[in-house]
Amino acid sequence: MQKKVFQLLVDNTSGVLSRISGLFSRRGYNIESITAGETADPKITRITIVASGDDEILEQIEKQVAKLVDVRDIKELEPEVSVYRELALIKVKAAPQERPSVIAVTNTFRANIIDVAPESLIIEITGSESKIDAFIRLLEGFEILEIARTGIAGLGRGMDNITYIDNVAR
């Protein structure tokens with residue numbers, strides 16, 4: 001089993017995310033993470049999907065997704081020529097005497113404390129999946145109350161991987 005990161009450019013229309021996730025569901029493919037957001041062109045949405053499977057399954061995923069009507073472009077974002085980032089919000093139980101230790105770990109990872117409550121802190125961290133996993137492991141000595149992770153967003157490096165979408169109606 002391996003993971004691949006796919007970048008899709010799709011028409012920004014109602015139900016497009018549902019149709020894409022429905023294809024995965026119908027075929028029994030697993031989505032590790034999925035993120036979506038409008039691009040510089042409000043008519044186009046960029047979707048980043050992390051999927052897992054063997055080579056044959058991952059090849060089928062790419063072919064099947066490419067056939068969907070709303071999909072303008074799909075490509076694999078290969079790690080060596082791409083940048084991936086994930087955002088996590090982590091709520092940690094922290095009494096006043098524990099806070100210096102939590103703050104030290106937070107500063108080491110260049111994360112930010114974005115909320116302070118009498119008995120907890122909310123930490124925001126952005127980075128690679130492995131960086132966030134390592135940060136969470138270091139927080140295991142404290143009581144983690146909640147975690148919200150966005151999943152991977154990614155772009156290809158440089159000018160070679162840019163896809164230009166013409167504005168011609170399909």
# chains A, B, ... in the order shown; residues from 1 in each chain; ligands from 1
call {"tool": "residues_around", "arguments": {"residues": "A:Asp41", "least_positions_apart": "3", "cutoff": "12 Å", "atoms": "only C-alpha atoms", "output": "PyMOL selection string"}}
result
chain A and resi 9-12+37-38+44-46+164-167
call {"tool": "select_by_dssp", "arguments": {"residues": "chain A", "states": "alpha helix (DSSP H)", "output": "ChimeraX atom specification"}}
result
/A:16-27,55-66,99-108,129-138
call {"tool": "atom_distance", "arguments": {"atom1": "atom CA of A:Lys91", "atom2": "atom CA of A:Gly141"}}
result
13.5 Å
call {"tool": "residues_around", "arguments": {"residues": "stretch 143-150 of chain A", "least_positions_apart": "2", "cutoff": "9 Å", "atoms": "only C-alpha atoms", "output": "PyMOL selection string"}}
result
chain A and resi 33-35+86-94+120+136+139-141+152-153
call {"tool": "residues_around", "arguments": {"residues": "A:Pro118", "least_positions_apart": "3", "cutoff": "9 Å", "atoms": "only C-alpha atoms", "output": "PyMOL selection string"}}
result
chain A and resi 94-96+121
call {"tool": "residues_around", "arguments": {"residues": "A:Ile74", "least_positions_apart": "6", "cutoff": "12 Å", "atoms": "only C-alpha atoms", "output": "list of chain:residue names"}}
result
A:Val5, A:Phe6, A:Gln7, A:Leu8, A:Leu9, A:Val10, A:Thr45, A:Arg46, A:Ile47, A:Thr48, A:Ile49, A:Glu59, A:Ile61, A:Glu62, A:Lys63, A:Gln64, A:Val65, A:Ala66, A:Lys67, A:Leu68, A:Asn161, A:Ile162, A:Thr163, A:Ile165
call {"tool": "atom_distance", "arguments": {"atom1": "atom CA of A:Ile57", "atom2": "atom CA of A:Arg19"}}
result
18.7 Å
call {"tool": "select_by_dssp", "arguments": {"residues": "chain A", "states": "strand (DSSP E or B)", "output": "number ranges by chain"}}
result
A: 2-11, 30-38, 44-53, 71-76, 82-93, 112-117, 120-127, 143-149, 153-156
call {"tool": "atom_distance", "arguments": {"atom1": "atom CA of A:Val83", "atom2": "atom CA of A:Gly158"}}
result
10.2 Å
call {"tool": "residues_around", "arguments": {"residues": "A:Thr106", "least_positions_apart": "2", "cutoff": "12 Å", "atoms": "only C-alpha atoms", "output": "list in words"}}
result
Leu89, Ile90, Val92, Arg99, Pro100, Ser101, Val102, Ile103, Ala104, Thr108, Phe109, Arg110, Ala111, Asn112, Ile113, Ile114, Leu121, Ile122, Ile123, Glu124, Ile125, Thr126, Lys131, Ile132, Ala134, Phe135, Ile136, Leu138 and Leu139 of chain A
